[in-house]
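Listing of final-v7.txt, compact mmCIF, C-alpha atoms
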# COMPACT_ATOMS: atom_id res chain seq x y z
CA MET T 1 101.13 103.06 174.24
CA ARG T 2 99.91 99.90 172.58
CA SER T 3 101.30 96.80 174.23
CA TRP T 4 102.88 93.75 172.71
CA ASN T 5 101.21 90.38 172.86
CA ARG T 6 103.63 88.53 175.05
CA ARG T 7 104.08 85.31 176.95
CA ALA T 8 106.35 85.03 179.97
CA ARG T 9 109.14 82.50 179.48
CA GLY T 10 110.36 82.41 183.08
CA CYS T 11 112.86 85.22 182.46
CA ALA T 12 112.55 88.67 184.02
CA LEU T 13 112.10 91.50 181.52
CA GLY T 14 114.69 93.55 183.36
CA ALA T 15 114.55 96.56 181.03
CA ALA T 16 117.34 98.97 181.78
CA ALA T 17 116.38 102.44 183.01
CA GLY T 18 115.76 104.83 180.15
CA LEU T 19 114.81 102.22 177.52
CA VAL T 20 111.48 102.86 175.86
CA LEU T 21 109.40 99.85 174.89
CA VAL T 22 108.41 100.87 171.38
CA ALA T 23 104.72 100.59 170.62
CA ILE T 24 104.65 97.65 168.25
CA ALA T 25 101.53 95.56 168.39
CA ALA T 26 101.50 91.97 167.20
CA PRO T 27 98.11 91.99 165.46
CA PRO T 28 95.89 88.94 165.57
CA ALA T 29 96.24 86.68 162.56
CA THR T 30 92.83 87.43 161.09
CA GLY T 31 91.50 88.47 157.74
CA GLY T 32 93.99 86.54 155.66
CA GLY T 33 91.89 83.77 154.22
CA GLY T 34 92.24 81.42 157.17
CA GLY T 35 89.98 78.40 157.36
CA ALA T 36 86.32 78.92 156.66
CA GLY T 37 86.94 82.54 155.72
CA GLY T 38 88.19 81.58 152.24
CA GLY T 39 90.94 83.37 150.39
CA GLY T 40 90.25 86.93 151.49
CA GLY T 41 90.62 90.03 149.34
CA ALA T 42 93.54 92.21 148.37
CA ARG T 43 93.40 93.92 151.79
CA ALA T 44 93.93 90.63 153.65
CA TRP T 45 97.39 89.57 154.83
CA THR T 46 98.83 86.30 153.51
CA SER T 47 101.80 84.43 154.97
CA ALA T 48 104.26 84.28 152.09
CA TRP T 49 107.18 82.72 153.98
CA GLY T 50 107.91 81.59 157.52
CA VAL T 51 109.77 79.27 159.86
CA GLY T 52 109.25 77.82 163.31
CA VAL T 53 111.53 79.25 166.00
CA HIS T 54 113.04 77.80 169.14
CA HIS T 55 115.40 78.32 172.06
CA PRO T 56 119.00 79.46 171.57
CA VAL T 57 121.35 76.69 172.67
CA PRO T 58 125.10 76.58 173.31
CA PRO T 59 127.17 74.96 170.56
CA LEU T 60 126.91 71.19 170.95
CA PRO T 61 128.89 68.39 169.24
CA GLY T 62 127.16 67.21 166.09
CA PHE T 63 124.89 70.25 165.84
CA PRO T 64 125.22 72.86 163.09
CA PRO T 65 127.30 75.85 164.27
CA HIS T 66 125.33 79.04 164.78
CA TRP T 67 125.44 82.58 166.21
CA ALA T 68 122.30 82.45 168.35
CA TRP T 69 123.98 81.76 171.68
CA ASP T 70 126.47 84.63 171.44
CA GLY T 71 124.02 86.97 169.76
CA PHE T 72 125.05 90.24 168.11
CA THR T 73 126.80 93.42 169.31
CA ASP T 74 127.22 96.38 166.91
CA GLN T 75 126.64 93.91 164.09
CA SER T 76 124.34 93.49 161.12
CA VAL T 77 122.95 90.09 160.14
CA ARG T 78 121.63 89.61 156.59
CA GLN T 79 119.23 86.80 155.65
CA VAL T 80 117.64 85.75 152.35
CA VAL T 81 114.08 84.43 152.11
CA ARG T 82 111.95 83.35 149.16
CA ALA T 83 108.39 84.66 149.13
CA GLY T 84 105.78 82.20 147.94
CA ALA T 85 102.92 84.66 147.42
CA ALA T 86 102.61 88.00 145.64
CA GLY T 87 101.72 91.37 147.12
CA THR T 88 102.18 95.12 146.82
CA GLN T 89 102.89 95.60 150.54
CA LEU T 90 104.82 93.47 153.00
CA ARG T 91 105.60 93.30 156.68
CA LEU T 92 108.18 91.40 158.67
CA ARG T 93 107.19 89.11 161.55
CA PHE T 94 109.90 88.48 164.11
CA SER T 95 110.22 86.73 167.43
CA HIS T 96 111.99 87.28 170.76
CA ARG T 97 110.03 84.49 172.44
CA TYR T 98 113.15 82.78 173.78
CA GLY T 99 115.51 85.70 174.38
CA HIS T 100 117.28 86.24 177.70
CA GLN T 101 117.09 90.05 177.89
CA PRO T 102 115.23 92.89 176.17
CA LEU T 103 116.26 93.16 172.53
CA HIS T 104 117.18 96.50 170.98
CA LEU T 105 116.70 96.31 167.24
CA ALA T 106 118.34 99.50 165.96
CA ARG T 107 117.41 99.21 162.28
CA ALA T 108 115.89 96.80 159.78
CA THR T 109 115.63 96.84 155.99
CA VAL T 110 114.23 94.69 153.22
CA ALA T 111 115.60 94.58 149.68
CA ARG T 112 115.59 92.46 146.54
CA ALA T 113 118.29 89.82 146.84
CA GLY T 114 121.39 89.88 144.66
CA GLU T 115 124.27 87.42 144.59
CA GLY T 116 125.52 86.27 147.99
CA ALA T 117 125.22 89.07 150.55
CA SER T 118 124.58 91.76 147.94
CA VAL T 119 121.19 93.32 147.19
CA ARG T 120 119.86 95.04 144.11
CA PRO T 121 120.75 98.75 144.07
CA GLY T 122 117.76 101.02 144.59
CA SER T 123 115.65 98.28 146.18
CA VAL T 124 116.43 98.83 149.88
CA ARG T 125 113.45 99.88 152.01
CA GLU T 126 113.71 100.69 155.69
CA LEU T 127 111.19 99.00 157.98
CA ARG T 128 109.45 100.96 160.72
CA PHE T 129 108.07 99.83 164.05
CA GLY T 130 105.19 101.89 165.38
CA GLY T 131 106.50 104.68 163.16
CA ARG T 132 110.06 104.44 164.52
CA ALA T 133 113.26 103.09 163.01
CA ASP T 134 114.17 101.14 166.15
CA ALA T 135 112.42 98.97 168.70
CA VAL T 136 113.04 97.55 172.16
CA VAL T 137 111.41 94.15 172.39
CA PRO T 138 110.65 92.57 175.79
CA VAL T 139 111.61 88.97 176.47
CA GLY T 140 108.87 86.59 175.39
CA SER T 141 107.42 89.00 172.83
CA GLU T 142 106.86 88.89 169.12
CA GLY T 143 105.46 91.31 166.63
CA VAL T 144 105.44 92.69 163.13
CA SER T 145 106.83 95.73 161.39
CA ASP T 146 104.64 98.44 159.94
CA PRO T 147 103.48 97.71 156.37
CA VAL T 148 105.80 99.00 153.66
CA GLY T 149 105.06 99.45 149.98
CA PHE T 150 107.19 96.80 148.30
CA PRO T 151 105.83 94.84 145.31
CA VAL T 152 106.63 91.13 145.64
CA SER T 153 106.34 88.45 142.98
CA PRO T 154 105.84 84.74 143.72
CA LEU T 155 109.17 82.95 144.30
CA GLU T 156 111.05 86.25 144.52
CA LYS T 157 114.06 86.27 146.84
CA LEU T 158 114.17 89.04 149.42
CA THR T 159 116.99 90.05 151.76
CA VAL T 160 116.28 91.17 155.32
CA THR T 161 119.05 92.98 157.24
CA LEU T 162 118.86 93.55 161.00
CA TYR T 163 121.27 95.85 162.84
CA PHE T 164 121.88 95.57 166.59
CA ALA T 165 123.82 98.48 168.09
CA THR T 166 124.03 97.00 171.60
CA GLY T 167 124.51 93.42 172.79
CA THR T 168 121.51 91.18 172.27
CA GLY T 169 122.48 88.21 174.40
CA PRO T 170 121.22 84.84 173.12
CA VAL T 171 118.53 85.24 170.46
CA THR T 172 115.58 83.21 169.26
CA PHE T 173 116.46 81.30 166.10
CA HIS T 174 115.72 78.49 163.68
CA GLY T 175 118.64 76.09 163.72
CA VAL T 176 118.44 74.37 160.33
CA GLY T 177 117.88 77.26 157.95
CA LEU T 178 119.62 75.68 154.94
CA SER T 179 120.05 79.20 153.58
CA THR T 180 123.20 81.25 154.05
CA ALA T 181 123.06 84.13 156.52
CA TYR T 182 125.77 86.80 156.57
CA ARG T 183 127.25 88.91 159.36
CA ALA T 184 129.11 92.25 159.36
CA ALA T 185 130.45 94.73 161.88
CA GLY T 186 128.52 97.97 162.26
CA ASP T 187 125.33 99.24 160.66
CA ARG T 188 125.18 97.74 157.15
CA ALA T 189 121.41 97.78 156.78
CA HIS T 190 121.57 99.98 153.68
CA ASP T 191 124.69 98.48 152.08
CA THR T 192 124.07 97.06 148.64
CA SER T 193 127.38 95.47 147.63
CA GLY T 194 127.61 92.95 150.45
CA GLU T 195 131.39 93.41 150.63
CA ALA T 196 131.24 94.43 154.30
CA PHE T 197 129.65 91.10 155.24
CA ASP T 198 132.95 89.44 156.04
CA GLY T 199 132.02 88.20 159.50
CA GLY T 200 131.46 84.62 158.37
CA THR T 201 128.33 82.77 157.31
CA SER T 202 125.74 80.61 159.00
CA GLN T 203 123.02 78.20 157.89
CA SER T 204 120.56 79.23 160.63
CA ARG T 205 117.78 81.83 160.79
CA TYR T 206 117.82 84.59 163.42
CA LEU T 207 114.75 86.32 164.92
CA ILE T 208 112.75 86.60 161.68
CA SER T 209 109.83 84.17 161.60
CA GLY T 210 107.62 85.35 158.75
CA ILE T 211 107.05 87.56 155.74
CA GLU T 212 103.45 88.59 155.07
CA VAL T 213 102.03 90.30 151.97
CA ARG T 214 98.84 91.95 150.83
CA GLY T 215 97.55 94.02 147.92
CA VAL T 216 96.94 91.05 145.63
CA ARG T 217 94.01 88.65 145.93
CA ASN T 218 95.55 85.40 147.21
CA GLU T 219 93.87 82.16 148.26
CA GLY T 220 95.52 82.14 151.68
CA SER T 221 98.35 80.01 153.03
CA VAL T 222 99.35 76.40 153.62
CA VAL T 223 101.48 75.63 156.67
CA ALA T 224 103.66 72.51 156.64
CA PHE T 225 104.15 71.35 160.22
CA GLY T 226 106.60 68.73 161.42
CA ASP T 227 110.20 67.84 162.15
CA SER T 228 113.40 67.53 160.07
CA LEU T 229 111.65 65.92 157.10
CA THR T 230 109.53 69.06 156.76
CA ASP T 231 112.43 71.33 157.75
CA GLY T 232 114.38 69.90 154.81
CA TRP T 233 117.41 68.44 156.59
CA GLN T 234 119.67 66.76 153.99
CA SER T 235 118.20 68.73 151.09
CA THR T 236 120.71 70.88 149.20
CA PRO T 237 121.37 74.22 150.97
CA ASP T 238 120.61 77.50 149.19
CA THR T 239 118.52 75.79 146.50
CA ASP T 240 114.99 75.84 148.05
CA ARG T 241 114.53 72.09 147.64
CA ARG T 242 112.76 71.33 150.90
CA TYR T 243 109.39 69.74 150.27
CA PRO T 244 107.40 72.89 151.25
CA ASP T 245 109.50 74.89 148.75
CA ARG T 246 108.71 72.42 146.01
CA LEU T 247 105.07 72.42 147.11
CA VAL T 248 104.62 76.16 146.51
CA GLU T 249 106.21 75.75 143.06
CA ARG T 250 103.77 72.98 142.15
CA LEU T 251 100.80 75.00 143.41
CA LEU T 252 101.89 77.97 141.29
CA THR T 253 102.23 75.72 138.26
CA ASP T 254 98.65 74.62 138.89
CA GLY T 255 97.54 78.26 138.95
CA ARG T 256 97.07 78.41 142.72
CA ARG T 257 97.79 81.67 144.60
CA LEU T 258 98.81 80.20 147.95
CA GLY T 259 101.66 81.06 150.27
CA VAL T 260 103.45 78.12 151.91
CA VAL T 261 105.05 78.38 155.35
CA ASN T 262 107.57 75.80 156.56
CA SER T 263 106.97 75.28 160.29
CA GLY T 264 109.14 72.18 160.52
CA ILE T 265 111.81 72.14 163.24
CA SER T 266 114.53 69.50 163.00
CA GLY T 267 114.46 67.16 165.99
CA ASN T 268 111.02 68.38 167.09
CA MET T 269 108.68 66.00 168.90
CA LEU T 270 104.90 65.94 169.09
CA LEU T 271 104.62 65.19 172.81
CA THR T 272 107.87 66.32 174.46
CA ASP T 273 109.57 69.71 174.83
CA SER T 274 113.27 69.93 173.98
CA LEU T 275 115.77 72.63 174.86
CA CYS T 276 117.49 71.98 171.52
CA PHE T 277 114.55 71.19 169.25
CA GLY T 278 111.74 73.43 170.38
CA ASP T 279 108.46 73.26 172.19
CA LYS T 280 106.47 70.06 171.70
CA GLY T 281 104.22 70.00 168.69
CA VAL T 282 100.96 70.01 170.63
CA ALA T 283 102.10 73.25 172.33
CA ARG T 284 103.58 75.13 169.36
CA PHE T 285 100.89 74.22 166.82
CA ARG T 286 98.76 77.24 167.66
CA HIS T 287 101.57 79.75 167.36
CA ASP T 288 103.50 78.20 164.47
CA VAL T 289 100.44 77.22 162.41
CA LEU T 290 97.06 78.59 163.43
CA ASP T 291 98.15 82.12 164.29
CA ARG T 292 99.68 82.68 160.84
CA PRO T 293 97.72 85.21 158.79
CA GLY T 294 95.76 83.59 155.99
CA VAL T 295 96.25 79.96 157.01
CA ARG T 296 93.65 77.68 155.45
CA THR T 297 95.39 74.28 155.40
CA ALA T 298 97.81 72.58 157.79
CA VAL T 299 99.86 69.60 156.59
CA VAL T 300 100.96 67.56 159.62
CA MET T 301 103.82 65.06 159.60
CA ILE T 302 105.30 64.54 163.06
CA GLY T 303 106.06 61.71 165.47
CA ILE T 304 109.22 59.96 164.25
CA ASN T 305 111.40 61.65 166.89
CA ASP T 306 108.90 60.64 169.59
CA ILE T 307 109.07 57.03 168.40
CA GLY T 308 112.87 57.21 168.50
CA GLY T 309 112.77 58.18 172.20
CA GLY T 310 114.65 56.59 175.05
CA LEU T 311 118.02 57.82 173.77
CA PRO T 312 120.62 59.98 175.59
CA ASP T 313 119.48 63.60 175.69
CA HIS T 314 122.88 65.30 175.06
CA GLY T 315 121.77 68.15 177.31
CA CYS T 316 118.58 68.75 175.35
CA GLY T 317 116.06 67.33 177.83
CA SER T 318 114.36 63.97 178.28
CA ARG T 319 113.21 61.80 175.38
CA PRO T 320 110.72 59.33 176.84
CA VAL T 321 109.48 56.21 175.09
CA VAL T 322 105.93 56.74 173.80
CA THR T 323 103.08 54.49 172.72
CA ALA T 324 101.04 54.58 169.54
CA GLY T 325 98.00 55.56 171.59
CA GLN T 326 99.77 58.58 173.02
CA LEU T 327 100.87 59.74 169.57
CA ILE T 328 97.37 59.28 168.18
CA GLU T 329 95.92 61.41 170.98
CA GLY T 330 98.50 64.08 170.16
CA HIS T 331 97.43 64.07 166.52
CA ARG T 332 93.80 64.26 167.58
CA ALA T 333 94.62 67.38 169.62
CA LEU T 334 96.14 69.05 166.54
CA ILE T 335 93.13 68.16 164.41
CA ARG T 336 90.69 69.56 166.98
CA ALA T 337 92.67 72.79 167.23
CA ALA T 338 92.74 73.18 163.44
CA HIS T 339 89.03 72.52 163.06
CA ARG T 340 88.15 75.03 165.78
CA ARG T 341 89.80 77.66 163.56
CA GLY T 342 88.17 76.37 160.38
CA VAL T 343 91.52 75.12 159.07
CA THR T 344 91.71 71.97 156.92
CA ALA T 345 93.98 69.33 158.47
CA VAL T 346 95.93 67.08 156.08
CA GLY T 347 97.71 64.20 157.79
CA ALA T 348 100.89 62.66 156.39
CA THR T 349 101.91 59.13 157.31
CA LEU T 350 105.26 58.64 159.05
CA THR T 351 107.97 57.63 156.62
CA PRO T 352 110.28 54.56 156.76
CA PHE T 353 113.24 54.52 159.16
CA LYS T 354 114.36 50.89 159.31
CA SER T 355 117.82 51.80 157.99
CA TYR T 356 118.28 54.58 160.58
CA PRO T 357 120.16 52.68 163.31
CA TRP T 358 119.81 55.33 166.02
CA TYR T 359 116.02 54.92 166.09
CA TYR T 360 115.01 51.59 164.64
CA THR T 361 113.92 48.58 166.67
CA PRO T 362 111.15 46.11 165.80
CA GLU T 363 109.12 47.48 168.71
CA LYS T 364 109.39 51.05 167.43
CA GLU T 365 108.44 49.90 163.96
CA GLU T 366 105.24 48.49 165.44
CA VAL T 367 104.43 51.92 166.88
CA ARG T 368 104.98 53.60 163.50
CA ASP T 369 102.80 51.02 161.76
CA ALA T 370 99.99 51.51 164.28
CA VAL T 371 100.06 55.30 163.98
CA ASN T 372 100.11 55.09 160.18
CA HIS T 373 97.19 52.66 160.18
CA TRP T 374 95.20 55.14 162.26
CA ILE T 375 96.12 58.10 160.01
CA ARG T 376 95.06 56.13 156.91
CA THR T 377 91.82 54.61 158.21
CA SER T 378 90.37 56.67 161.05
CA GLY T 379 88.97 59.52 158.97
CA ALA T 380 90.17 61.97 161.62
CA TYR T 381 92.21 63.97 159.12
CA ASP T 382 90.37 65.74 156.32
CA ALA T 383 92.78 64.16 153.81
CA VAL T 384 95.79 61.85 153.98
CA ALA T 385 99.11 62.13 152.16
CA ASP T 386 100.51 58.61 152.35
CA LEU T 387 104.16 59.65 152.31
CA ASP T 388 105.16 56.31 153.85
CA ARG T 389 104.12 54.55 150.64
CA VAL T 390 105.42 57.35 148.42
CA LEU T 391 108.96 57.05 149.83
CA ALA T 392 109.12 53.34 150.71
CA ASP T 393 111.43 50.91 148.94
CA PRO T 394 109.15 48.91 146.59
CA ARG T 395 111.28 45.76 146.72
CA PRO T 396 109.60 42.88 148.58
CA GLY T 397 110.92 42.65 152.11
CA HIS T 398 112.27 46.23 152.09
CA GLU T 399 109.01 48.17 152.50
CA ASP T 400 110.09 49.58 155.88
CA GLU T 401 113.13 51.25 154.30
CA LEU T 402 113.45 54.41 152.21
CA ALA T 403 113.66 53.76 148.49
CA PRO T 404 117.32 54.13 147.41
CA ALA T 405 116.34 56.78 144.86
CA TYR T 406 114.95 58.95 147.68
CA ASP T 407 117.47 58.21 150.44
CA SER T 408 119.90 61.00 151.35
CA GLY T 409 122.21 58.32 152.72
CA ASP T 410 121.21 58.11 156.38
CA GLY T 411 118.15 55.88 155.98
CA LEU T 412 115.72 58.46 157.39
CA HIS T 413 115.90 61.78 155.56
CA PRO T 414 114.86 62.11 151.91
CA ASN T 415 117.19 63.67 149.36
CA ASP T 416 116.11 66.36 146.87
CA ALA T 417 114.27 63.79 144.73
CA GLY T 418 112.45 62.52 147.79
CA MET T 419 111.43 66.07 148.71
CA GLU T 420 110.01 66.52 145.22
CA ALA T 421 108.04 63.27 145.53
CA MET T 422 106.60 64.44 148.85
CA ALA T 423 105.55 67.77 147.33
CA ARG T 424 103.80 66.02 144.44
CA ALA T 425 101.80 63.86 146.82
CA VAL T 426 100.79 66.76 149.07
CA ALA T 427 99.93 69.21 146.27
CA ASP T 428 97.10 67.01 145.03
CA LEU T 429 95.39 67.25 148.45
CA ILE T 430 95.41 71.02 148.98
CA PRO T 431 91.81 72.25 148.73
Could you spell out this file's structure in structure tokens?
Amino acid sequence: MRSWNRRARGCALGAAAGLVLVAIAAPPATGGGGGAGGGGGARAWTSAWGVGVHHPVPPLPGFPPHWAWDGFTDQSVRQVVRAGAAGTQLRLRFSHRYGHQPLHLARATVARAGEGASVRPGSVRELRFGGRADAVVPVGSEGVSDPVGFPVSPLEKLTVTLYFATGTGPVTFHGVGLSTAYRAAGDRAHDTSGEAFDGGTSQSRYLISGIEVRGVRNEGSVVAFGDSLTDGWQSTPDTDRRYPDRLVERLLTDGRRLGVVNSGISGNMLLTDSLCFGDKGVARFRHDVLDRPGVRTAVVMIGINDIGGGLPDHGCGSRPVVTAGQLIEGHRALIRAAHRRGVTAVGATLTPFKSYPWYYTPEKEEVRDAVNHWIRTSGAYDAVADLDRVLADPRPGHEDELAPAYDSGDGLHPNDAGMEAMARAVADLIP
């Protein structure tokens, strides 16, 4: 039996007697055009879509509602993703890194998305795991499905349906999905109409962390790494207007065959773990960026939530005050890790937040200015996207605020137009 790559999370595996750990191997992310290896051929895997994942948390005031804490019992969950790269085969990458008990995935399918929860008739394909229809996944594990013949076009929307016959307990998820997920009682993996999905909707992602394709010669993948500004918080849901979504569109317009993965996690910090907002950036960078098949460029924009530290934790863990020097050392660690893998590191300056009252103080503004000065002038990054200047209010005396045309209304997060401006600035720097 081949074993899973797995990392203990401080939870016993505790597999019940009689459960078989299905032989699914999480293959190393090689041969996909990563770093110095170039674009790879048609046999190489390319990351066409992906998200960063984090711990399930109980419902908390002010947080988006989700299903991750309760999990699923004799239920199907249906999720729509948009592939950024083409292929003739695909595979699903999924994660149980933060589960509380072994996960029994009874069935999984992929199909071409229709309206709402429906899928296109005749397009449903069942996914296999080590040749089997089901899998038992140990706590702390992650893996991929077997390849399935399924032609994919750039920007095509795909629907993944997962069925869980027995209780999952809390499941690994991505809190701010900004794409509607659907839930239904029973096994609805092969349903096409979507009418059975009457169990409510959610704006989070559950268990799935990537779609990978091959069979077409691609140039590899770009991974956008950061916090809520990368995650797309305050962009319009169900419209793919996050800046990484707009980035893949611009690259395609320029004739580039690159997948784009969004590894932003809202609330994430570079230097501090959070029960609500994921592992610290310096810890998750390898898994969420460098281990993606085909990665050749990482775009890094993270640190605002660290600068905003010293606030109440709301049960999410400590948020210490940090210095510019500490943040710079964190960025240096990411750059070193990327370069060891032959991955180009593009640094993005930290954007204005003077009108965001929960974070802003003059002292914290000094930290942001110092970090941005280092990003611009040190030469540590291979290229710099000066998103601070792209999004800043041009009026004299207002340069530390978001431009009104790009402000979603909270003084920190860009609106759809701001996301488009970010994508324009980054696209010009992708090698």
Would you list the residues near (117.2, 59.8, 164.6), meaning any protein, DNA or RNA residue with an atom at most 10 Å from that point in file coordinates, counting all atoms listed in the file, as a PDB file with C-alpha atoms, keeping the file's coordinate frame?
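Saved result, result_17.pdb, follows:
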ATOM      1  CA  SER T 228     113.400  67.530 160.070  1.00  0.00           C
ATOM      2  CA  GLY T 267     114.460  67.160 165.990  1.00  0.00           C
ATOM      3  CA  ILE T 304     109.220  59.960 164.250  1.00  0.00           C
ATOM      4  CA  ASN T 305     111.400  61.650 166.890  1.00  0.00           C
ATOM      5  CA  ASP T 306     108.900  60.640 169.590  1.00  0.00           C
ATOM      6  CA  ILE T 307     109.070  57.030 168.400  1.00  0.00           C
ATOM      7  CA  GLY T 308     112.870  57.210 168.500  1.00  0.00           C
ATOM      8  CA  GLY T 309     112.770  58.180 172.200  1.00  0.00           C
ATOM      9  CA  LEU T 311     118.020  57.820 173.770  1.00  0.00           C
ATOM     10  CA  PHE T 353     113.240  54.520 159.160  1.00  0.00           C
ATOM     11  CA  TYR T 356     118.280  54.580 160.580  1.00  0.00           C
ATOM     12  CA  PRO T 357     120.160  52.680 163.310  1.00  0.00           C
ATOM     13  CA  TRP T 358     119.810  55.330 166.020  1.00  0.00           C
ATOM     14  CA  TYR T 359     116.020  54.920 166.090  1.00  0.00           C
ATOM     15  CA  TYR T 360     115.010  51.590 164.640  1.00  0.00           C
ATOM     16  CA  ASP T 410     121.210  58.110 156.380  1.00  0.00           C
ATOM     17  CA  GLY T 411     118.150  55.880 155.980  1.00  0.00           C
ATOM     18  CA  LEU T 412     115.720  58.460 157.390  1.00  0.00           C
ATOM     19  CA  HIS T 413     115.900  61.780 155.560  1.00  0.00           C
TER      20      HIS T 413
END
Contacts between stretch 151-158 of chain T and stretch 39-115 of chain T, please, where a residue of stretch 39-115 of chain T counts if it comes within 7 Å (with only C-alpha atoms); show its shortest atom pair and distance in Å to one decimal, rows by chain and ascending number, as a Markdown table.
| residue | atom | partner | partner_atom | distance |
| --- | --- | --- | --- | --- |
| T:Val80 | CA | T:Leu158 | CA | 5.6 |
| T:Val81 | CA | T:Leu158 | CA | 5.3 |
| T:Arg82 | CA | T:Lys157 | CA | 4.3 |
| T:Ala83 | CA | T:Leu155 | CA | 5.2 |
| T:Gly84 | CA | T:Pro154 | CA | 4.9 |
| T:Ala85 | CA | T:Pro154 | CA | 4.7 |
| T:Ala86 | CA | T:Ser153 | CA | 4.6 |
| T:Gly87 | CA | T:Val152 | CA | 5.1 |
| T:Thr88 | CA | T:Pro151 | CA | 4.0 |
| T:Gln89 | CA | T:Pro151 | CA | 6.0 |
| T:Val110 | CA | T:Leu158 | CA | 6.8 |
| T:Ala111 | CA | T:Leu158 | CA | 5.7 |
| T:Arg112 | CA | T:Leu158 | CA | 4.7 |
| T:Ala113 | CA | T:Leu158 | CA | 4.9 |
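Among the candidates T:Thr168, T:Ser378, T:Ser123, T:Ser145, the one nearest to T:Ala68 when counting all atoms listed in the file is T:Thr168.
The closest residue to T:Gly177, picked from T:Ile335, T:Val51, T:Val289, T:Ala380 and counting all atoms listed in the file, is T:Val51.
Considering all atoms listed in the file, the residue among T:His314, T:His96, T:His54, T:Arg319 positioned nearest to T:Leu207 is T:His96.
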Compile the contact shell of stretch 251-258 of chain T as a list in words: residues with an atom at most 8 Å away, counting all atoms listed in the file, same-chain residues fewer than 5 positions apart removed.
Ala48, Gly84, Ala85, Asn218, Glu219, Gly220, Ser221, Val222 and Ala427 of chain T
Restricting the calculation to all atoms listed in the file, which member of T:Asp74, T:Asp146, T:Glu115, T:Glu126 is positioned closest to T:Gly186?
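Ranking T:Asp74, T:Asp146, T:Glu115, T:Glu126 by distance to T:Gly186, first place goes to T:Asp74.
The shortest atom-to-atom distance to T:Ser179, with all atoms listed in the file taken into account, belongs to T:Tyr206 out of T:Ala348, T:Pro312, T:Tyr206, T:Leu275.
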Spatial neighbours of stretch 230-233 of chain T, max dist 7 Å, only C-alpha atoms, sep filter under 4 positions, as a list in words
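Here the answer would be Ala224, Phe225, Gly226, Arg242, Tyr243, Asn262, Gly264, Ile265, Ser266 and His413 of chain T.
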Stretch 182-286 of chain T near stretch 327-333 of chain T within 12 Å: what's each residue's closest atom pair and its distance in Å to one decimal, counting only C-alpha atoms, ordered by chain then ascending residue number, as CSV?
residue,atom,partner,partner_atom,distance
T:Phe225,CA,T:His331,CA,11.7
T:Gly226,CA,T:His331,CA,11.5
T:Met269,CA,T:Leu327,CA,10.0
T:Leu270,CA,T:Gly330,CA,6.8
T:Leu271,CA,T:Gly330,CA,6.8
T:Thr272,CA,T:Gly330,CA,10.6
T:Lys280,CA,T:Gly330,CA,10.1
T:Gly281,CA,T:Gly330,CA,8.4
T:Val282,CA,T:Gly330,CA,6.4
T:Ala283,CA,T:Ala333,CA,9.9
T:Arg284,CA,T:Ala333,CA,11.8
T:Phe285,CA,T:Ala333,CA,9.7
T:Arg286,CA,T:Ala333,CA,10.9
How would the residues just picked look written out with C-alpha atoms as a PDB file, in the frame of the given file?
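That gives us result-v5.pdb:
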ATOM      1  CA  PHE T 225     104.150  71.350 160.220  1.00  0.00           C
ATOM      2  CA  GLY T 226     106.600  68.730 161.420  1.00  0.00           C
ATOM      3  CA  MET T 269     108.680  66.000 168.900  1.00  0.00           C
ATOM      4  CA  LEU T 270     104.900  65.940 169.090  1.00  0.00           C
ATOM      5  CA  LEU T 271     104.620  65.190 172.810  1.00  0.00           C
ATOM      6  CA  THR T 272     107.870  66.320 174.460  1.00  0.00           C
ATOM      7  CA  LYS T 280     106.470  70.060 171.700  1.00  0.00           C
ATOM      8  CA  GLY T 281     104.220  70.000 168.690  1.00  0.00           C
ATOM      9  CA  VAL T 282     100.960  70.010 170.630  1.00  0.00           C
ATOM     10  CA  ALA T 283     102.100  73.250 172.330  1.00  0.00           C
ATOM     11  CA  ARG T 284     103.580  75.130 169.360  1.00  0.00           C
ATOM     12  CA  PHE T 285     100.890  74.220 166.820  1.00  0.00           C
ATOM     13  CA  ARG T 286      98.760  77.240 167.660  1.00  0.00           C
TER      14      ARG T 286
END
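Distance annotation: of T:Ile208, T:Gln203, T:Tyr163, T:Phe94, the residue with the minimal separation from T:Ala133 is T:Tyr163; atom set is all atoms listed in the file.
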Could you complete stretch 90-94 of chain T so that it carries N, CA, C and O atoms, and give it back as a PDB file, in the frame of the given file?
ATOM      1  N   LEU T  90     104.374  94.574 152.149  1.00  0.00           N
ATOM      2  CA  LEU T  90     104.820  93.470 153.000  1.00  0.00           C
ATOM      3  C   LEU T  90     105.071  93.967 154.407  1.00  0.00           C
ATOM      4  O   LEU T  90     105.171  95.169 154.653  1.00  0.00           O
ATOM      5  N   ARG T  91     105.169  93.027 155.319  1.00  0.00           N
ATOM      6  CA  ARG T  91     105.600  93.300 156.680  1.00  0.00           C
ATOM      7  C   ARG T  91     106.402  92.118 157.175  1.00  0.00           C
ATOM      8  O   ARG T  91     106.231  90.986 156.699  1.00  0.00           O
ATOM      9  N   LEU T  92     107.280  92.403 158.104  1.00  0.00           N
ATOM     10  CA  LEU T  92     108.180  91.400 158.670  1.00  0.00           C
ATOM     11  C   LEU T  92     107.649  90.959 160.029  1.00  0.00           C
ATOM     12  O   LEU T  92     107.335  91.790 160.879  1.00  0.00           O
ATOM     13  N   ARG T  93     107.544  89.655 160.231  1.00  0.00           N
ATOM     14  CA  ARG T  93     107.190  89.110 161.550  1.00  0.00           C
ATOM     15  C   ARG T  93     108.461  88.581 162.186  1.00  0.00           C
ATOM     16  O   ARG T  93     109.243  87.875 161.551  1.00  0.00           O
ATOM     17  N   PHE T  94     108.679  88.916 163.433  1.00  0.00           N
ATOM     18  CA  PHE T  94     109.900  88.480 164.110  1.00  0.00           C
ATOM     19  C   PHE T  94     109.590  88.105 165.546  1.00  0.00           C
ATOM     20  O   PHE T  94     108.544  88.454 166.102  1.00  0.00           O
TER      21      PHE T  94
END
